[in-house]
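Next comes work_13.tsv, a file with TSV, C-alpha atoms.
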```
chain	number	residue	atom	x	y	z
A	1	MET	CA	-16.59	18.74	23.35
A	2	LYS	CA	-13.84	16.26	22.57
A	3	PHE	CA	-15.10	12.78	23.54
A	4	VAL	CA	-12.46	10.08	22.98
A	5	ILE	CA	-12.85	6.35	23.56
A	6	VAL	CA	-9.58	4.43	23.89
A	7	THR	CA	-9.67	0.70	23.31
A	8	GLY	CA	-7.75	-2.07	21.57
A	9	LEU	CA	-5.84	-5.23	22.37
A	10	SER	CA	-4.71	-5.80	25.94
A	11	GLY	CA	-1.01	-4.96	26.20
A	12	SER	CA	-1.03	-2.67	23.16
A	13	GLY	CA	-0.59	0.56	25.13
A	14	LYS	CA	-3.96	1.72	26.47
A	15	SER	CA	-2.55	2.84	29.83
A	16	GLU	CA	0.20	4.88	28.14
A	17	THR	CA	-2.38	6.45	25.84
A	18	MET	CA	-4.63	7.41	28.74
A	19	ARG	CA	-1.70	8.95	30.63
A	20	ALA	CA	-0.73	10.97	27.56
A	21	LEU	CA	-4.28	12.29	27.17
A	22	GLU	CA	-4.46	13.12	30.88
A	23	ASP	CA	-1.24	15.13	30.53
A	24	MET	CA	-2.96	17.07	27.74
A	25	GLY	CA	-5.85	18.11	29.97
A	26	PHE	CA	-8.36	15.37	29.21
A	27	TYR	CA	-10.68	14.21	31.98
A	28	CYS	CA	-9.80	10.50	31.95
A	29	VAL	CA	-11.82	7.54	33.21
A	30	ASP	CA	-10.15	4.16	32.80
A	31	ASN	CA	-11.79	0.72	32.79
A	32	LEU	CA	-15.30	2.14	32.46
A	33	PRO	CA	-17.85	-0.65	31.85
A	34	PRO	CA	-19.12	-0.21	28.27
A	35	ALA	CA	-22.74	-0.16	29.43
A	36	LEU	CA	-22.06	3.10	31.33
A	37	ILE	CA	-20.71	5.02	28.32
A	38	THR	CA	-24.15	6.36	27.40
A	39	LYS	CA	-24.85	7.73	30.89
A	40	PHE	CA	-21.41	9.31	31.04
A	41	ALA	CA	-21.89	10.91	27.62
A	42	GLU	CA	-25.25	12.36	28.66
A	43	LEU	CA	-23.61	14.01	31.68
A	44	CYS	CA	-20.71	15.40	29.64
A	45	TYR	CA	-22.93	16.81	26.90
A	46	GLN	CA	-25.23	18.69	29.29
A	47	PRO	CA	-25.24	22.45	28.53
A	48	ASN	CA	-23.92	23.33	32.00
A	49	SER	CA	-21.08	20.78	31.92
A	50	SER	CA	-17.62	22.23	32.58
A	51	ILE	CA	-15.87	19.27	30.94
A	52	ASP	CA	-14.69	19.90	27.38
A	53	LYS	CA	-12.22	17.02	26.85
A	54	VAL	CA	-12.97	13.46	27.94
A	55	ALA	CA	-11.12	10.18	27.39
A	56	LEU	CA	-12.64	6.82	28.34
A	57	GLY	CA	-10.48	3.70	28.55
A	58	ILE	CA	-12.48	0.60	27.65
A	59	ASP	CA	-11.33	-3.00	28.14
A	60	ILE	CA	-13.13	-5.90	26.52
A	61	ARG	CA	-13.18	-8.83	28.94
A	62	GLY	CA	-15.55	-11.04	26.93
A	63	ARG	CA	-18.26	-11.06	24.29
A	64	LYS	CA	-20.87	-9.55	26.63
A	65	PHE	CA	-18.63	-6.51	27.12
A	66	PHE	CA	-18.25	-6.19	23.36
A	67	GLU	CA	-22.01	-6.37	22.82
A	68	ALA	CA	-22.54	-3.67	25.46
A	69	LEU	CA	-19.94	-1.44	23.78
A	70	HIS	CA	-21.57	-1.97	20.38
A	71	GLU	CA	-24.94	-0.93	21.80
A	72	SER	CA	-23.42	2.15	23.47
A	73	LEU	CA	-21.73	3.29	20.24
A	74	ASN	CA	-24.97	2.88	18.31
A	75	TYR	CA	-26.72	4.98	20.96
A	76	LEU	CA	-24.11	7.75	20.72
A	77	GLU	CA	-24.57	7.92	16.96
A	78	LYS	CA	-28.36	7.86	17.24
A	79	GLU	CA	-28.32	10.78	19.72
A	80	ASN	CA	-25.74	12.68	17.62
A	81	TYR	CA	-23.15	12.61	20.39
A	82	GLU	CA	-19.87	13.08	18.55
A	83	TYR	CA	-17.07	10.77	19.61
A	84	GLU	CA	-13.69	9.57	18.42
A	85	MET	CA	-12.29	6.11	18.96
A	86	VAL	CA	-8.60	5.29	19.22
A	87	TYR	CA	-7.93	1.61	18.53
A	88	LEU	CA	-4.54	0.28	19.64
A	89	ASP	CA	-3.20	-2.72	17.74
A	90	CYS	CA	-0.02	-4.79	18.00
A	91	ASN	CA	1.19	-8.07	16.53
A	92	ASP	CA	0.87	-11.26	18.56
A	93	ASP	CA	4.59	-11.91	19.02
A	94	VAL	CA	5.24	-8.48	20.52
A	95	LEU	CA	2.17	-8.74	22.78
A	96	LEU	CA	3.45	-12.08	24.06
A	97	LYS	CA	6.89	-10.57	24.78
A	98	ARG	CA	5.26	-7.72	26.70
A	99	TYR	CA	3.26	-10.14	28.85
A	100	LYS	CA	6.36	-12.20	29.58
A	101	MET	CA	8.29	-9.06	30.48
A	102	THR	CA	5.64	-7.83	32.93
A	103	ARG	CA	4.84	-11.36	34.17
A	104	ARG	CA	1.15	-10.58	33.93
A	105	ASN	CA	-1.52	-12.90	32.61
A	106	HIS	CA	-3.81	-12.01	29.73
A	107	PRO	CA	-7.33	-11.05	30.94
A	108	LEU	CA	-8.93	-13.71	28.70
A	109	ALA	CA	-6.34	-16.40	29.44
A	110	LYS	CA	-7.61	-17.61	32.81
A	111	ASP	CA	-8.14	-21.17	31.61
A	112	MET	CA	-5.76	-21.13	28.64
A	113	GLN	CA	-2.28	-20.11	27.53
A	114	ILE	CA	-1.51	-16.43	26.86
A	115	PRO	CA	-1.17	-16.89	23.05
A	116	GLU	CA	-4.68	-18.40	22.96
A	117	GLY	CA	-6.05	-15.48	24.98
A	118	ILE	CA	-4.44	-13.00	22.58
A	119	LYS	CA	-5.98	-14.75	19.56
A	120	MET	CA	-9.41	-14.89	21.19
A	121	GLU	CA	-9.32	-11.19	22.08
A	122	ARG	CA	-8.20	-10.24	18.56
A	123	LYS	CA	-11.16	-12.12	17.10
A	124	ILE	CA	-13.59	-10.42	19.48
A	125	MET	CA	-12.11	-6.95	18.96
A	126	GLU	CA	-11.67	-6.98	15.17
A	127	PRO	CA	-15.14	-5.49	14.37
A	128	LEU	CA	-14.30	-2.41	16.49
A	129	LYS	CA	-11.82	-1.22	13.87
A	130	GLY	CA	-14.82	-0.22	11.75
A	131	PHE	CA	-15.92	2.25	14.45
A	132	SER	CA	-12.44	3.67	14.99
A	133	THR	CA	-11.37	7.11	13.78
A	134	CYS	CA	-7.73	6.35	14.57
A	135	ILE	CA	-5.91	3.00	14.49
A	136	ILE	CA	-2.39	2.96	15.94
A	137	ASP	CA	-0.11	-0.04	15.51
A	138	THR	CA	2.24	-0.03	18.52
A	139	THR	CA	4.29	-3.06	17.40
A	140	ASN	CA	7.43	-0.99	16.79
A	141	MET	CA	6.74	1.69	19.40
A	142	LYS	CA	8.25	2.30	22.80
A	143	PRO	CA	6.00	3.96	25.42
A	144	LYS	CA	7.57	7.38	24.74
A	145	ASP	CA	6.91	6.94	20.99
A	146	LEU	CA	3.24	6.20	21.62
A	147	LYS	CA	2.93	9.17	23.96
A	148	GLU	CA	4.47	11.43	21.32
A	149	GLU	CA	2.11	10.05	18.66
A	150	ILE	CA	-0.95	10.76	20.82
A	151	LYS	CA	0.27	14.28	21.55
A	152	LYS	CA	0.74	14.99	17.86
A	153	ILE	CA	-2.74	13.68	17.01
A	154	TYR	CA	-4.60	15.55	19.76
A	155	SER	CA	-2.56	18.72	20.06
A	156	SER	CA	-4.24	21.93	18.92
A	157	GLY	CA	-3.99	22.74	15.23
A	158	GLU	CA	-4.87	25.99	13.51
A	159	ASP	CA	-5.68	25.24	9.88
A	160	ASN	CA	-7.10	21.70	10.02
A	161	PRO	CA	-7.77	20.93	13.68
A	162	ASN	CA	-9.66	17.71	12.94
A	163	LEU	CA	-7.07	15.90	10.84
A	164	THR	CA	-3.54	14.73	11.49
A	165	ILE	CA	-1.66	13.18	8.56
A	166	SER	CA	1.08	10.68	9.38
A	167	VAL	CA	3.46	9.98	6.50
A	168	VAL	CA	5.53	6.89	7.25
A	169	SER	CA	8.32	5.25	5.25
A	170	PHE	CA	8.95	1.53	5.64
A	171	GLY	CA	10.69	-1.44	4.07
A	172	PHE	CA	8.59	-4.29	2.71
A	173	LYS	CA	11.21	-6.81	3.84
A	174	HIS	CA	10.58	-5.71	7.44
A	175	GLY	CA	6.80	-6.08	7.10
A	176	ILE	CA	4.07	-3.91	5.65
A	177	LEU	CA	2.73	-0.91	7.61
A	178	ALA	CA	-0.26	-2.45	9.39
A	179	ASP	CA	-2.18	0.71	10.29
A	180	ALA	CA	-1.82	2.56	6.96
A	181	ASP	CA	-4.90	3.95	5.19
A	182	LEU	CA	-2.95	4.41	1.96
A	183	VAL	CA	0.16	2.47	0.89
A	184	PHE	CA	2.36	3.44	-2.05
A	185	ASP	CA	4.96	1.01	-3.38
A	186	VAL	CA	7.99	2.90	-4.77
A	187	ARG	CA	10.24	-0.09	-5.46
A	188	PHE	CA	10.21	0.75	-9.19
A	189	LEU	CA	12.16	4.00	-8.65
A	190	PRO	CA	15.96	4.21	-9.14
A	191	ASN	CA	17.61	2.32	-6.27
A	192	PRO	CA	20.61	3.98	-4.53
A	193	TYR	CA	21.41	0.68	-2.81
A	194	TYR	CA	23.32	-0.40	-5.92
A	195	VAL	CA	25.52	2.70	-5.85
A	196	GLU	CA	28.33	1.93	-3.42
A	197	GLU	CA	28.88	5.49	-2.19
A	198	LEU	CA	25.13	5.89	-1.50
A	199	ARG	CA	24.39	2.51	0.07
A	200	SER	CA	25.19	3.54	3.66
A	201	LYS	CA	23.24	6.80	3.37
A	202	THR	CA	19.47	7.32	3.61
A	203	GLY	CA	16.82	9.35	1.85
A	204	ASP	CA	17.51	12.14	4.34
A	205	ASP	CA	20.80	12.77	2.52
A	206	LYS	CA	20.74	15.16	-0.44
A	207	GLU	CA	22.82	12.83	-2.61
A	208	VAL	CA	20.29	10.02	-2.23
A	209	ARG	CA	17.33	12.31	-2.79
A	210	ASP	CA	18.90	13.70	-5.96
A	211	TYR	CA	19.68	10.21	-7.24
A	212	VAL	CA	16.13	8.95	-6.66
A	213	MET	CA	14.42	11.99	-8.19
A	214	ASN	CA	16.80	12.52	-11.11
A	215	SER	CA	14.73	10.57	-13.63
A	216	LYS	CA	11.65	11.33	-15.72
A	217	ILE	CA	9.81	8.37	-14.20
A	218	SER	CA	10.41	9.65	-10.67
A	219	GLU	CA	9.34	13.19	-11.54
A	220	GLU	CA	6.19	12.08	-13.37
A	221	PHE	CA	5.26	9.62	-10.63
A	222	TYR	CA	5.64	12.18	-7.86
A	223	VAL	CA	3.55	14.81	-9.67
A	224	LYS	CA	0.73	12.29	-10.14
A	225	LEU	CA	1.08	10.95	-6.60
A	226	LEU	CA	0.90	14.40	-5.04
A	227	ASP	CA	-2.06	15.32	-7.23
A	228	MET	CA	-3.95	12.26	-5.97
A	229	ILE	CA	-3.09	12.97	-2.33
A	230	HIS	CA	-4.21	16.59	-2.69
A	231	PHE	CA	-7.50	15.28	-4.08
A	232	LEU	CA	-7.99	12.65	-1.37
A	233	VAL	CA	-7.16	14.62	1.78
A	234	PRO	CA	-10.15	17.02	1.53
A	235	GLN	CA	-12.42	14.00	0.98
A	236	TYR	CA	-11.15	12.45	4.22
A	237	ILE	CA	-11.66	15.75	6.04
A	238	GLU	CA	-15.22	15.94	4.71
A	239	GLU	CA	-15.81	12.39	5.94
A	240	GLY	CA	-14.68	13.47	9.42
A	241	LYS	CA	-11.53	11.36	9.57
A	242	GLN	CA	-9.24	12.32	12.46
A	243	HIS	CA	-6.01	10.54	11.52
A	244	LEU	CA	-4.81	9.64	8.03
A	245	VAL	CA	-1.80	7.33	7.73
A	246	ILE	CA	0.07	7.34	4.41
A	247	GLY	CA	2.63	4.57	4.04
A	248	VAL	CA	5.45	4.68	1.49
A	249	GLY	CA	7.37	1.46	1.03
A	250	CYS	CA	10.53	0.36	-0.77
A	251	THR	CA	12.58	-2.80	-0.29
A	252	GLY	CA	14.58	-1.90	2.82
A	253	GLY	CA	12.96	1.36	3.92
A	254	ARG	CA	16.20	3.40	3.79
A	255	HIS	CA	16.44	5.19	0.44
A	256	ARG	CA	13.49	5.54	-1.95
A	257	SER	CA	10.66	5.41	0.58
A	258	VAL	CA	12.42	7.93	2.84
A	259	THR	CA	12.95	10.29	-0.10
A	260	ILE	CA	9.30	10.20	-1.18
A	261	THR	CA	8.04	10.41	2.41
A	262	ASN	CA	10.10	13.54	3.02
A	263	LEU	CA	8.74	15.15	-0.14
A	264	ILE	CA	5.11	14.32	0.69
A	265	ALA	CA	5.45	15.57	4.28
A	266	GLU	CA	7.07	18.79	3.12
A	267	ASP	CA	4.41	19.50	0.49
A	268	LEU	CA	1.50	18.73	2.83
A	269	SER	CA	3.01	20.92	5.57
A	270	ASN	CA	3.32	23.76	3.07
A	271	LYS	CA	-0.39	23.31	2.32
A	272	GLY	CA	-1.16	23.98	5.98
A	273	TYR	CA	-1.94	20.44	7.09
A	274	ARG	CA	-0.79	19.07	10.42
A	275	VAL	CA	1.78	16.44	9.45
A	276	VAL	CA	3.68	13.80	11.42
A	277	LYS	CA	6.65	12.28	9.57
A	278	LYS	CA	8.25	8.99	10.58
A	279	HIS	CA	10.89	6.71	9.04
A	280	ARG	CA	10.18	3.30	10.53
A	281	ASP	CA	13.05	1.28	9.09
A	282	SER	CA	15.65	3.80	7.93
A	283	MET	CA	18.14	2.77	10.62
A	284	LEU	CA	17.73	-0.97	10.01
A	285	ARG	CA	20.00	-3.00	7.76
```
As structure tokens, the full file:
Amino acid sequence: MKFVIVTGLSGSGKSETMRALEDMGFYCVDNLPPALITKFAELCYQPNSSIDKVALGIDIRGRKFFEALHESLNYLEKENYEYEMVYLDCNDDVLLKRYKMTRRNHPLAKDMQIPEGIKMERKIMEPLKGFSTCIIDTTNMKPKDLKEEIKKIYSSGEDNPNLTISVVSFGFKHGILADADLVFDVRFLPNPYYVEELRSKTGDDKEVRDYVMNSKISEEFYVKLLDMIHFLVPQYIEEGKQHLVIGVGCTGGRHRSVTITNLIAEDLSNKGYRVVKKHRDSMLR
């Protein structure tokens, strides 16, 4: 039984996530009151149940809803009902733009401005991150990107069906990767930006990759980095983690971080792990 709870900030992409899961064969129930989660789980986990993949969309419309959800999650754990929780996050500015674009009001902003409603909901929802097996920051995602991310996480895998590893390059000047479990700063490596013929290229180009890795520091660092990742991944699997996000950052997110991200993704794929590779800022200037 795959029992997935989808929640997060209003406007962060819950509807798109639920549609993606429905397309993958999940039995989806949206806007289920948190107090009914336990009853629904009991029905799904009955021996004669024909449902093997369930996704519940949960909205938090106030503190009472949050308290009911907290109680339901504690009950699921007490009864050994296995579940996964996808938490969708997004920064305030982008959420505000989305609300203005759709001309909809925030569910908690009935007697206040939308920005105040967003801040209130974030404060209420923050503790849920501790229950979540997967946190997705949709700030820089379009709906199709989010749908693709969900498909990659919940598609069938042969060797390690319970873990998806996302390796993401980014540039610190464009903001840190908010949903990363591990972040590696590679700004100390040789920088192709200062080589005129390499400046317009990215770490996807062989010339840039060779330049970054053609030093003893780079070689030694990567060997030690990969050794640590190979040690950590089985520990996360043992813990039951569903989605591991590894962030690799350099200054602009075009050269060094892309190079190291490509190497990590390639090595982990060769080890048989299910890997999603993404270069967040490689096309930015």
**Item:** Best match for closeness to A:Glu82 among A:Gly272, A:Pro190, A:Pro115, A:Gly240, counting only C-alpha atoms
**Value:** A:Gly240
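Among A:Glu220, A:Asp30, A:Glu266, A:Asp205, the residue with the shortest atom-to-atom distance to A:Ile165, counting all atoms listed in the file, is A:Glu266.
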**Message:** Can you measure atom CA of A:Leu73 to atom CA of A:Lys147 for me? One decimal in Å is fine.
**Reply:** 25.6 Å
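The shell of residues at most 7 Å from A:Val258, with all atoms listed in the file counted and near chain neighbours (fewer than 5 positions) removed, consists of Ser169, Gly203, Asp204, Gly253 and His279 of chain A.
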**Request:** One decimal, Å: what's the distance from atom CA of A:Glu16 over to atom CA of A:Cys28, could you say?
**Result:** 12.1 Å
**Complete:** Using all atoms listed in the file, the best pick from A:Asn48, A:Asn31, A:Asn140, A:Thr38 as closest to A:Leu76 would be A:Thr38
**Message:** Neighbouring residues of A:Ser12 were defined as those with any atom within 6 Å, considering only C-alpha atoms; residues of the same chain fewer than 5 positions away were excluded. Please report them as number ranges by chain.
**Reply:** A: 88-90
**Fill in**
Min atom-atom distance to A:Phe172 from the set A:Gly252, A:Pro34, A:Pro192, A:Gly13, counting all atoms listed in the file, belongs to A:Gly252
**Radius query 9 Å about (11.3, 9.8, -8.1), atoms used: only C-alpha atoms, as a PyMOL selection string** = chain A and resi 186+189-190+209-222+256+259-260
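Straight-line separation from atom CA of A:Val183 to atom CA of A:Gly249: 7.3 Å.
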**Asked** Do you know which residues are at most 8 Å from stretch 1-10 of chain A counting all atoms listed in the file, after dropping those on the same chain fewer than 3 positions away, and could you put them as a VMD selection string?
**Response** chain A and resid 13 to 14 17 to 18 45 51 to 59 82 to 90 106 to 107 118 121 to 122 125
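Nearest to A:Arg103 of all the residues A:Thr251, A:Leu244, A:Leu268, A:Gly11 is A:Gly11, based on only C-alpha atoms.
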Please complete stretch 168-191 of chain A with N, CA and C atoms and give it back as a JSON list (two decimals), in the frame of the given file.
```json
[["chain", "number", "residue", "atom", "x", "y", "z"],
["A", 168, "VAL", "N", 4.59, 7.84, 6.66],
["A", 168, "VAL", "CA", 5.53, 6.89, 7.25],
["A", 168, "VAL", "C", 6.24, 6.08, 6.15],
["A", 169, "SER", "N", 7.56, 6.10, 6.16],
["A", 169, "SER", "CA", 8.32, 5.25, 5.25],
["A", 169, "SER", "C", 8.57, 3.90, 5.91],
["A", 170, "PHE", "N", 8.68, 2.86, 5.09],
["A", 170, "PHE", "CA", 8.95, 1.53, 5.64],
["A", 170, "PHE", "C", 9.57, 0.65, 4.56],
["A", 171, "GLY", "N", 10.13, -0.46, 4.99],
["A", 171, "GLY", "CA", 10.69, -1.44, 4.07],
["A", 171, "GLY", "C", 9.83, -2.68, 4.02],
["A", 172, "PHE", "N", 9.45, -3.12, 2.83],
["A", 172, "PHE", "CA", 8.59, -4.29, 2.71],
["A", 172, "PHE", "C", 9.23, -5.54, 3.33],
["A", 173, "LYS", "N", 10.56, -5.62, 3.29],
["A", 173, "LYS", "CA", 11.21, -6.81, 3.84],
["A", 173, "LYS", "C", 11.12, -6.87, 5.36],
["A", 174, "HIS", "N", 10.77, -5.75, 5.98],
["A", 174, "HIS", "CA", 10.58, -5.71, 7.44],
["A", 174, "HIS", "C", 9.11, -5.80, 7.81],
["A", 175, "GLY", "N", 8.23, -5.98, 6.83],
["A", 175, "GLY", "CA", 6.80, -6.08, 7.10],
["A", 175, "GLY", "C", 6.06, -4.83, 6.67],
["A", 176, "ILE", "N", 4.86, -5.03, 6.14],
["A", 176, "ILE", "CA", 4.07, -3.91, 5.65],
["A", 176, "ILE", "C", 3.58, -3.06, 6.83],
["A", 177, "LEU", "N", 3.22, -1.83, 6.57],
["A", 177, "LEU", "CA", 2.73, -0.91, 7.61],
["A", 177, "LEU", "C", 1.28, -1.27, 7.92],
["A", 178, "ALA", "N", 1.04, -1.85, 9.09],
["A", 178, "ALA", "CA", -0.26, -2.45, 9.39],
["A", 178, "ALA", "C", -1.39, -1.45, 9.53],
["A", 179, "ASP", "N", -1.10, -0.23, 10.01],
["A", 179, "ASP", "CA", -2.18, 0.71, 10.29],
["A", 179, "ASP", "C", -2.34, 1.78, 9.21],
["A", 180, "ALA", "N", -1.76, 1.55, 8.03],
["A", 180, "ALA", "CA", -1.82, 2.56, 6.96],
["A", 180, "ALA", "C", -3.20, 2.58, 6.30],
["A", 181, "ASP", "N", -3.68, 3.79, 5.98],
["A", 181, "ASP", "CA", -4.90, 3.95, 5.19],
["A", 181, "ASP", "C", -4.58, 3.90, 3.71],
["A", 182, "LEU", "N", -3.42, 4.43, 3.34],
["A", 182, "LEU", "CA", -2.95, 4.41, 1.96],
["A", 182, "LEU", "C", -1.52, 3.88, 1.94],
["A", 183, "VAL", "N", -1.21, 2.99, 1.02],
["A", 183, "VAL", "CA", 0.16, 2.47, 0.89],
["A", 183, "VAL", "C", 0.61, 2.63, -0.55],
["A", 184, "PHE", "N", 1.79, 3.24, -0.72],
["A", 184, "PHE", "CA", 2.36, 3.44, -2.05],
["A", 184, "PHE", "C", 3.68, 2.67, -2.14],
["A", 185, "ASP", "N", 3.78, 1.83, -3.15],
["A", 185, "ASP", "CA", 4.96, 1.01, -3.38],
["A", 185, "ASP", "C", 5.88, 1.74, -4.36],
["A", 186, "VAL", "N", 7.08, 2.13, -3.90],
["A", 186, "VAL", "CA", 7.99, 2.90, -4.77],
["A", 186, "VAL", "C", 9.23, 2.08, -5.14],
["A", 187, "ARG", "N", 9.10, 0.76, -5.15],
["A", 187, "ARG", "CA", 10.24, -0.09, -5.46],
["A", 187, "ARG", "C", 10.65, -0.03, -6.94],
["A", 188, "PHE", "N", 9.86, 0.63, -7.77],
["A", 188, "PHE", "CA", 10.21, 0.75, -9.19],
["A", 188, "PHE", "C", 11.13, 1.95, -9.46],
["A", 189, "LEU", "N", 11.32, 2.82, -8.46],
["A", 189, "LEU", "CA", 12.16, 4.00, -8.65],
["A", 189, "LEU", "C", 13.64, 3.62, -8.62],
["A", 190, "PRO", "N", 14.51, 4.48, -9.16],
["A", 190, "PRO", "CA", 15.96, 4.21, -9.14],
["A", 190, "PRO", "C", 16.44, 3.89, -7.71],
["A", 191, "ASN", "N", 17.23, 2.83, -7.59],
["A", 191, "ASN", "CA", 17.61, 2.32, -6.27],
["A", 191, "ASN", "C", 19.05, 2.67, -5.91]]
```
